[in-house]
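The file structure-v1.pdb contains PDB, N, CA and C atoms, pLDDT in the B column:
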```
ATOM      1  N   MET A 241      54.574 -28.573  24.386  1.00 93.00           N
ATOM      2  CA  MET A 241      55.167 -28.406  23.061  1.00 93.00           C
ATOM      3  C   MET A 241      54.108 -27.833  22.116  1.00 93.00           C
ATOM      4  N   PHE A 242      54.522 -26.869  21.348  1.00 98.00           N
ATOM      5  CA  PHE A 242      53.658 -26.286  20.335  1.00 98.00           C
ATOM      6  C   PHE A 242      53.910 -26.988  19.002  1.00 98.00           C
ATOM      7  N   ASP A 243      52.836 -27.299  18.302  1.00 98.00           N
ATOM      8  CA  ASP A 243      52.892 -27.784  16.923  1.00 98.00           C
ATOM      9  C   ASP A 243      52.206 -26.740  16.063  1.00 98.00           C
ATOM     10  N   MET A 244      52.843 -26.403  14.944  1.00 98.00           N
ATOM     11  CA  MET A 244      52.265 -25.406  14.054  1.00 98.00           C
ATOM     12  C   MET A 244      52.252 -25.943  12.634  1.00 98.00           C
ATOM     13  N   TYR A 245      51.046 -26.074  12.083  1.00 98.00           N
ATOM     14  CA  TYR A 245      50.884 -26.493  10.686  1.00 98.00           C
ATOM     15  C   TYR A 245      50.973 -25.246   9.828  1.00 98.00           C
ATOM     16  N   THR A 246      51.893 -25.267   8.869  1.00 98.00           N
ATOM     17  CA  THR A 246      52.221 -24.070   8.093  1.00 98.00           C
ATOM     18  C   THR A 246      52.484 -24.406   6.633  1.00 98.00           C
ATOM     19  N   ARG A 247      52.727 -23.336   5.885  1.00 96.00           N
ATOM     20  CA  ARG A 247      53.306 -23.387   4.537  1.00 96.00           C
ATOM     21  C   ARG A 247      54.431 -22.364   4.524  1.00 96.00           C
ATOM     22  N   PRO A 248      55.511 -22.637   3.785  1.00 93.00           N
ATOM     23  CA  PRO A 248      56.653 -21.715   3.781  1.00 93.00           C
ATOM     24  C   PRO A 248      56.317 -20.289   3.325  1.00 93.00           C
ATOM     25  N   THR A 249      55.371 -20.125   2.423  1.00 94.00           N
ATOM     26  CA  THR A 249      55.084 -18.798   1.872  1.00 94.00           C
ATOM     27  C   THR A 249      53.926 -18.085   2.571  1.00 94.00           C
ATOM     28  N   CYS A 250      53.458 -18.619   3.675  1.00 97.00           N
ATOM     29  CA  CYS A 250      52.306 -18.060   4.388  1.00 97.00           C
ATOM     30  C   CYS A 250      52.746 -16.924   5.317  1.00 97.00           C
ATOM     31  N   PHE A 251      52.256 -15.721   5.055  1.00 97.00           N
ATOM     32  CA  PHE A 251      52.586 -14.533   5.841  1.00 97.00           C
ATOM     33  C   PHE A 251      52.215 -14.719   7.315  1.00 97.00           C
ATOM     34  N   TRP A 252      51.004 -15.218   7.588  1.00 98.00           N
ATOM     35  CA  TRP A 252      50.535 -15.386   8.958  1.00 98.00           C
ATOM     36  C   TRP A 252      51.321 -16.469   9.686  1.00 98.00           C
ATOM     37  N   CYS A 253      51.781 -17.465   8.949  1.00 98.00           N
ATOM     38  CA  CYS A 253      52.618 -18.513   9.542  1.00 98.00           C
ATOM     39  C   CYS A 253      53.942 -17.921  10.017  1.00 98.00           C
ATOM     40  N   VAL A 254      54.530 -17.080   9.191  1.00 98.00           N
ATOM     41  CA  VAL A 254      55.796 -16.429   9.548  1.00 98.00           C
ATOM     42  C   VAL A 254      55.599 -15.566  10.793  1.00 98.00           C
ATOM     43  N   ARG A 255      54.507 -14.846  10.849  1.00 98.00           N
ATOM     44  CA  ARG A 255      54.236 -13.996  12.022  1.00 98.00           C
ATOM     45  C   ARG A 255      54.065 -14.839  13.280  1.00 98.00           C
ATOM     46  N   ALA A 256      53.371 -15.963  13.161  1.00 98.00           N
ATOM     47  CA  ALA A 256      53.174 -16.845  14.319  1.00 98.00           C
ATOM     48  C   ALA A 256      54.514 -17.416  14.793  1.00 98.00           C
ATOM     49  N   LYS A 257      55.361 -17.806  13.849  1.00 98.00           N
ATOM     50  CA  LYS A 257      56.686 -18.322  14.216  1.00 98.00           C
ATOM     51  C   LYS A 257      57.492 -17.254  14.938  1.00 98.00           C
ATOM     52  N   HIS A 258      57.454 -16.027  14.435  1.00 97.00           N
ATOM     53  CA  HIS A 258      58.194 -14.934  15.069  1.00 97.00           C
ATOM     54  C   HIS A 258      57.664 -14.653  16.467  1.00 97.00           C
ATOM     55  N   LEU A 259      56.351 -14.744  16.647  1.00 97.00           N
ATOM     56  CA  LEU A 259      55.772 -14.514  17.967  1.00 97.00           C
ATOM     57  C   LEU A 259      56.282 -15.552  18.963  1.00 97.00           C
ATOM     58  N   LEU A 260      56.241 -16.826  18.582  1.00 98.00           N
ATOM     59  CA  LEU A 260      56.732 -17.871  19.475  1.00 98.00           C
ATOM     60  C   LEU A 260      58.220 -17.693  19.754  1.00 98.00           C
ATOM     61  N   GLU A 261      58.990 -17.399  18.718  1.00 97.00           N
ATOM     62  CA  GLU A 261      60.434 -17.212  18.881  1.00 97.00           C
ATOM     63  C   GLU A 261      60.736 -16.023  19.789  1.00 97.00           C
ATOM     64  N   SER A 262      59.946 -14.953  19.678  1.00 97.00           N
ATOM     65  CA  SER A 262      60.178 -13.768  20.511  1.00 97.00           C
ATOM     66  C   SER A 262      59.938 -14.066  21.988  1.00 97.00           C
ATOM     67  N   LYS A 263      59.163 -15.095  22.262  1.00 96.00           N
ATOM     68  CA  LYS A 263      58.883 -15.504  23.637  1.00 96.00           C
ATOM     69  C   LYS A 263      59.793 -16.641  24.084  1.00 96.00           C
ATOM     70  N   GLY A 264      60.724 -17.042  23.198  1.00 97.00           N
ATOM     71  CA  GLY A 264      61.660 -18.099  23.536  1.00 97.00           C
ATOM     72  C   GLY A 264      61.021 -19.483  23.575  1.00 97.00           C
ATOM     73  N   ILE A 265      59.937 -19.640  22.835  1.00 97.00           N
ATOM     74  CA  ILE A 265      59.191 -20.898  22.839  1.00 97.00           C
ATOM     75  C   ILE A 265      59.556 -21.711  21.605  1.00 97.00           C
ATOM     76  N   SER A 266      59.915 -22.955  21.835  1.00 96.00           N
ATOM     77  CA  SER A 266      60.213 -23.841  20.705  1.00 96.00           C
ATOM     78  C   SER A 266      58.907 -24.448  20.182  1.00 96.00           C
ATOM     79  N   TYR A 267      58.936 -24.849  18.932  1.00 98.00           N
ATOM     80  CA  TYR A 267      57.747 -25.411  18.294  1.00 98.00           C
ATOM     81  C   TYR A 267      58.185 -26.353  17.179  1.00 98.00           C
ATOM     82  N   ARG A 268      57.259 -27.206  16.794  1.00 98.00           N
ATOM     83  CA  ARG A 268      57.493 -28.053  15.621  1.00 98.00           C
ATOM     84  C   ARG A 268      56.775 -27.416  14.448  1.00 98.00           C
ATOM     85  N   ASP A 269      57.509 -27.158  13.383  1.00 98.00           N
ATOM     86  CA  ASP A 269      56.966 -26.567  12.166  1.00 98.00           C
ATOM     87  C   ASP A 269      56.563 -27.712  11.238  1.00 98.00           C
ATOM     88  N   LEU A 270      55.265 -27.869  11.030  1.00 98.00           N
ATOM     89  CA  LEU A 270      54.725 -28.976  10.249  1.00 98.00           C
ATOM     90  C   LEU A 270      54.194 -28.440   8.917  1.00 98.00           C
ATOM     91  N   ASP A 271      54.967 -28.601   7.867  1.00 98.00           N
ATOM     92  CA  ASP A 271      54.667 -28.062   6.540  1.00 98.00           C
ATOM     93  C   ASP A 271      53.593 -28.914   5.865  1.00 98.00           C
ATOM     94  N   ILE A 272      52.423 -28.303   5.628  1.00 97.00           N
ATOM     95  CA  ILE A 272      51.320 -29.060   5.046  1.00 97.00           C
ATOM     96  C   ILE A 272      51.476 -29.310   3.550  1.00 97.00           C
ATOM     97  N   ASN A 273      52.594 -28.892   2.976  1.00 97.00           N
ATOM     98  CA  ASN A 273      52.888 -29.340   1.613  1.00 97.00           C
ATOM     99  C   ASN A 273      53.178 -30.839   1.616  1.00 97.00           C
ATOM    100  N   ASN A 274      53.493 -31.378   2.781  1.00 97.00           N
ATOM    101  CA  ASN A 274      53.662 -32.821   2.958  1.00 97.00           C
ATOM    102  C   ASN A 274      52.266 -33.436   3.083  1.00 97.00           C
ATOM    103  N   ASP A 275      51.948 -34.371   2.188  1.00 97.00           N
ATOM    104  CA  ASP A 275      50.602 -34.963   2.148  1.00 97.00           C
ATOM    105  C   ASP A 275      50.198 -35.582   3.481  1.00 97.00           C
ATOM    106  N   ASP A 276      51.112 -36.275   4.142  1.00 97.00           N
ATOM    107  CA  ASP A 276      50.781 -36.926   5.410  1.00 97.00           C
ATOM    108  C   ASP A 276      50.438 -35.899   6.491  1.00 97.00           C
ATOM    109  N   LEU A 277      51.179 -34.796   6.519  1.00 97.00           N
ATOM    110  CA  LEU A 277      50.904 -33.754   7.510  1.00 97.00           C
ATOM    111  C   LEU A 277      49.595 -33.033   7.206  1.00 97.00           C
ATOM    112  N   ARG A 278      49.283 -32.833   5.929  1.00 96.00           N
ATOM    113  CA  ARG A 278      48.016 -32.212   5.546  1.00 96.00           C
ATOM    114  C   ARG A 278      46.848 -33.098   5.991  1.00 96.00           C
ATOM    115  N   LYS A 279      46.974 -34.412   5.781  1.00 97.00           N
ATOM    116  CA  LYS A 279      45.927 -35.346   6.214  1.00 97.00           C
ATOM    117  C   LYS A 279      45.791 -35.344   7.729  1.00 97.00           C
ATOM    118  N   GLU A 280      46.919 -35.300   8.421  1.00 97.00           N
ATOM    119  CA  GLU A 280      46.914 -35.248   9.889  1.00 97.00           C
ATOM    120  C   GLU A 280      46.168 -34.015  10.383  1.00 97.00           C
ATOM    121  N   LEU A 281      46.426 -32.874   9.747  1.00 97.00           N
ATOM    122  CA  LEU A 281      45.740 -31.643  10.135  1.00 97.00           C
ATOM    123  C   LEU A 281      44.239 -31.766   9.901  1.00 97.00           C
ATOM    124  N   LYS A 282      43.840 -32.348   8.793  1.00 96.00           N
ATOM    125  CA  LYS A 282      42.405 -32.493   8.494  1.00 96.00           C
ATOM    126  C   LYS A 282      41.706 -33.351   9.539  1.00 96.00           C
ATOM    127  N   ILE A 283      42.424 -34.302  10.120  1.00 95.00           N
ATOM    128  CA  ILE A 283      41.861 -35.134  11.181  1.00 95.00           C
ATOM    129  C   ILE A 283      41.795 -34.347  12.494  1.00 95.00           C
ATOM    130  N   LYS A 284      42.846 -33.601  12.793  1.00 95.00           N
ATOM    131  CA  LYS A 284      42.905 -32.834  14.045  1.00 95.00           C
ATOM    132  C   LYS A 284      41.946 -31.639  14.050  1.00 95.00           C
ATOM    133  N   ALA A 285      41.757 -31.037  12.884  1.00 95.00           N
ATOM    134  CA  ALA A 285      40.930 -29.824  12.796  1.00 95.00           C
ATOM    135  C   ALA A 285      40.020 -29.913  11.564  1.00 95.00           C
ATOM    136  N   PRO A 286      39.046 -30.821  11.606  1.00 95.00           N
ATOM    137  CA  PRO A 286      38.178 -30.983  10.443  1.00 95.00           C
ATOM    138  C   PRO A 286      37.423 -29.693  10.110  1.00 95.00           C
ATOM    139  N   GLY A 287      37.349 -29.399   8.833  1.00 94.00           N
ATOM    140  CA  GLY A 287      36.614 -28.225   8.377  1.00 94.00           C
ATOM    141  C   GLY A 287      37.408 -26.934   8.403  1.00 94.00           C
ATOM    142  N   ILE A 288      38.562 -26.922   9.039  1.00 94.00           N
ATOM    143  CA  ILE A 288      39.390 -25.717   9.100  1.00 94.00           C
ATOM    144  C   ILE A 288      40.159 -25.594   7.795  1.00 94.00           C
ATOM    145  N   LYS A 289      40.108 -24.418   7.195  1.00 92.00           N
ATOM    146  CA  LYS A 289      40.730 -24.228   5.883  1.00 92.00           C
ATOM    147  C   LYS A 289      41.861 -23.214   5.889  1.00 92.00           C
ATOM    148  N   THR A 290      42.185 -22.652   7.042  1.00 95.00           N
ATOM    149  CA  THR A 290      43.220 -21.618   7.098  1.00 95.00           C
ATOM    150  C   THR A 290      44.437 -22.112   7.864  1.00 95.00           C
ATOM    151  N   ILE A 291      45.559 -21.488   7.545  1.00 96.00           N
ATOM    152  CA  ILE A 291      46.781 -21.760   8.277  1.00 96.00           C
ATOM    153  C   ILE A 291      47.373 -20.427   8.715  1.00 96.00           C
ATOM    154  N   PRO A 292      48.181 -20.399   9.718  1.00 98.00           N
ATOM    155  CA  PRO A 292      48.648 -21.554  10.472  1.00 98.00           C
ATOM    156  C   PRO A 292      47.540 -22.113  11.356  1.00 98.00           C
ATOM    157  N   GLN A 293      47.721 -23.346  11.744  1.00 98.00           N
ATOM    158  CA  GLN A 293      46.906 -23.944  12.792  1.00 98.00           C
ATOM    159  C   GLN A 293      47.880 -24.368  13.879  1.00 98.00           C
ATOM    160  N   ILE A 294      47.638 -23.864  15.070  1.00 98.00           N
ATOM    161  CA  ILE A 294      48.588 -24.022  16.159  1.00 98.00           C
ATOM    162  C   ILE A 294      47.950 -24.844  17.278  1.00 98.00           C
ATOM    163  N   PHE A 295      48.735 -25.780  17.772  1.00 98.00           N
ATOM    164  CA  PHE A 295      48.294 -26.668  18.849  1.00 98.00           C
ATOM    165  C   PHE A 295      49.303 -26.608  19.983  1.00 98.00           C
ATOM    166  N   LYS A 296      48.812 -26.675  21.198  1.00 97.00           N
ATOM    167  CA  LYS A 296      49.677 -26.733  22.387  1.00 97.00           C
ATOM    168  C   LYS A 296      49.325 -28.013  23.124  1.00 97.00           C
ATOM    169  N   ASP A 297      50.303 -28.907  23.233  1.00 96.00           N
ATOM    170  CA  ASP A 297      50.103 -30.198  23.891  1.00 96.00           C
ATOM    171  C   ASP A 297      48.874 -30.924  23.337  1.00 96.00           C
ATOM    172  N   GLY A 298      48.696 -30.858  22.019  1.00 94.00           N
ATOM    173  CA  GLY A 298      47.601 -31.561  21.350  1.00 94.00           C
ATOM    174  C   GLY A 298      46.278 -30.824  21.325  1.00 94.00           C
ATOM    175  N   LYS A 299      46.161 -29.709  22.044  1.00 97.00           N
ATOM    176  CA  LYS A 299      44.915 -28.943  22.077  1.00 97.00           C
ATOM    177  C   LYS A 299      45.018 -27.762  21.107  1.00 97.00           C
ATOM    178  N   ARG A 300      44.013 -27.602  20.264  1.00 97.00           N
ATOM    179  CA  ARG A 300      44.030 -26.553  19.242  1.00 97.00           C
ATOM    180  C   ARG A 300      43.874 -25.179  19.866  1.00 97.00           C
ATOM    181  N   ILE A 301      44.807 -24.294  19.512  1.00 98.00           N
ATOM    182  CA  ILE A 301      44.707 -22.880  19.869  1.00 98.00           C
ATOM    183  C   ILE A 301      43.980 -22.149  18.754  1.00 98.00           C
ATOM    184  N   GLY A 302      44.363 -22.418  17.499  1.00 97.00           N
ATOM    185  CA  GLY A 302      43.755 -21.762  16.343  1.00 97.00           C
ATOM    186  C   GLY A 302      44.834 -21.166  15.463  1.00 97.00           C
ATOM    187  N   GLY A 303      44.503 -20.025  14.863  1.00 98.00           N
ATOM    188  CA  GLY A 303      45.423 -19.355  13.955  1.00 98.00           C
ATOM    189  C   GLY A 303      46.256 -18.291  14.662  1.00 98.00           C
ATOM    190  N   TYR A 304      46.855 -17.418  13.865  1.00 98.00           N
ATOM    191  CA  TYR A 304      47.749 -16.389  14.398  1.00 98.00           C
ATOM    192  C   TYR A 304      47.048 -15.496  15.425  1.00 98.00           C
ATOM    193  N   GLU A 305      45.885 -14.964  15.083  1.00 97.00           N
ATOM    194  CA  GLU A 305      45.194 -14.056  16.003  1.00 97.00           C
ATOM    195  C   GLU A 305      44.790 -14.774  17.279  1.00 97.00           C
ATOM    196  N   ASP A 306      44.455 -16.050  17.181  1.00 97.00           N
ATOM    197  CA  ASP A 306      44.135 -16.845  18.370  1.00 97.00           C
ATOM    198  C   ASP A 306      45.378 -17.014  19.243  1.00 97.00           C
ATOM    199  N   LEU A 307      46.528 -17.157  18.607  1.00 98.00           N
ATOM    200  CA  LEU A 307      47.784 -17.272  19.345  1.00 98.00           C
ATOM    201  C   LEU A 307      48.091 -15.982  20.100  1.00 98.00           C
ATOM    202  N   VAL A 308      47.858 -14.850  19.461  1.00 97.00           N
ATOM    203  CA  VAL A 308      48.042 -13.551  20.127  1.00 97.00           C
ATOM    204  C   VAL A 308      47.141 -13.487  21.356  1.00 97.00           C
ATOM    205  N   GLU A 309      45.873 -13.872  21.226  1.00 96.00           N
ATOM    206  CA  GLU A 309      44.939 -13.869  22.339  1.00 96.00           C
ATOM    207  C   GLU A 309      45.377 -14.838  23.440  1.00 96.00           C
ATOM    208  N   TYR A 310      45.877 -15.981  23.045  1.00 96.00           N
ATOM    209  CA  TYR A 310      46.363 -16.996  23.993  1.00 96.00           C
ATOM    210  C   TYR A 310      47.412 -16.401  24.923  1.00 96.00           C
ATOM    211  N   PHE A 311      48.301 -15.601  24.368  1.00 95.00           N
ATOM    212  CA  PHE A 311      49.379 -15.024  25.165  1.00 95.00           C
ATOM    213  C   PHE A 311      48.959 -13.792  25.961  1.00 95.00           C
ATOM    214  N   LYS A 312      47.818 -13.212  25.669  1.00 93.00           N
ATOM    215  CA  LYS A 312      47.363 -12.049  26.446  1.00 93.00           C
ATOM    216  C   LYS A 312      47.117 -12.403  27.900  1.00 93.00           C
ATOM    217  N   ASP A 313      46.711 -13.634  28.171  1.00 75.00           N
ATOM    218  CA  ASP A 313      46.429 -14.066  29.527  1.00 75.00           C
ATOM    219  C   ASP A 313      47.640 -14.685  30.217  1.00 75.00           C
ATOM    220  N   LYS A 314      48.771 -14.755  29.522  1.00 70.00           N
ATOM    221  CA  LYS A 314      49.948 -15.438  30.060  1.00 70.00           C
ATOM    222  C   LYS A 314      50.983 -14.440  30.540  1.00 70.00           C
TER     223      LYS A 314
END
```
Show this structure as structure tokens.
Amino acid sequence: MFDMYTRPTCFWCVRAKHLLESKGISYRDLDINNDDLRKELKIKAPGIKTIPQIFKDGKRIGGYEDLVEYFKDK
């Protein structure tokens, strides 16, 4: 399962969602405007200040460009 920490107005978040959708992959969209989700992200990825932040089965992939790279080998 993919988890993606996002904001509704984030251009790169929208692109990451479209990439996953184009591959038929479901994901959980975790809006960091929610304080609890923002805190959760800070624990999972301390020091990271950009979104989206994408995780697969709890392991951090990174942002949009990292997601593109992730799929190059798949």
Practice prompt. Can you work out which one of A:Lys282, A:Leu277, A:Ala256, A:Cys250 has the shortest atom-to-atom distance to A:Ile301, counting only C-alpha atoms?
Written response: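 That would be A:Ala256, the residue with the smallest distance to A:Ile301.
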I'd like the box whose edges run along x, y and z of the file and which contains every listed atom of stretch 285-294 of chain A, padded by 4 Å per side; could you state its centre and edge lengths in Å, one decimal, as AutoDock Vina command-line options?
```
--center_x 42.6 --center_y -25.7 --center_z 11.6 --size_x 20.0 --size_y 18.6 --size_z 19.4
```
Item to complete: Enumerate, as JSON, numbers by chain, the residues matched when the PyMOL selection byres ((chain A and resi 269) around 6.5) is run on the file above.
Response: {"A": [243, 244, 245, 246, 267, 268, 270, 271]}
Discussion item. Please extract the residues of chain A with a backbone DSSP assignment of strand (DSSP E or B) and present them as an NGL selection string.
Written reply: :A and (242-246 or 267-271 or 293-296 or 299-302)
Practice prompt. Using the chain letters and residue numbers of this document, give as a PyMOL selection string the residues selected by the PyMOL selection byres (((chain A and resi 300 and name CA) around 12) and name CA).
Written response: chain A and resi 241-245+281+283-286+288+292-299+301-304+306-307+310
Discussion item. I'd like the interatomic distance between atom CA of A:Asn273 and atom C of A:Arg247, to a tenth of an Å.
Written reply: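 Atom CA of A:Asn273 sits 7.7 Å away from atom C of A:Arg247.
The result of the PyMOL selection byres (((chain A and resi 259 and name CA) around 12) and name CA) on the shown file is Trp252, Cys253, Val254, Arg255, Ala256, Lys257, His258, Leu260, Glu261, Ser262, Lys263, Gly264, Ile265, Ser266, Tyr267, Tyr304, Glu305, Asp306, Leu307, Val308, Glu309, Tyr310 and Phe311 of chain A.
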Discussion item. As a VMD selection string, please: every residue in chain A that a backbone DSSP assignment puts in alpha helix (DSSP H).
Written reply: chain A and resid 251 to 262 275 to 284 304 to 312
Discussion item. Just the number, please: distance in Å from atom C of A:Lys289 to atom C of A:Lys314, one decimal.
Written reply: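 Between atom C of A:Lys289 and atom C of A:Lys314 the gap works out to 27.7 Å.
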Response to the item:
Taken to one decimal, the atom C of A:Ile291-atom CA of A:Ile272 distance is 10.2 Å
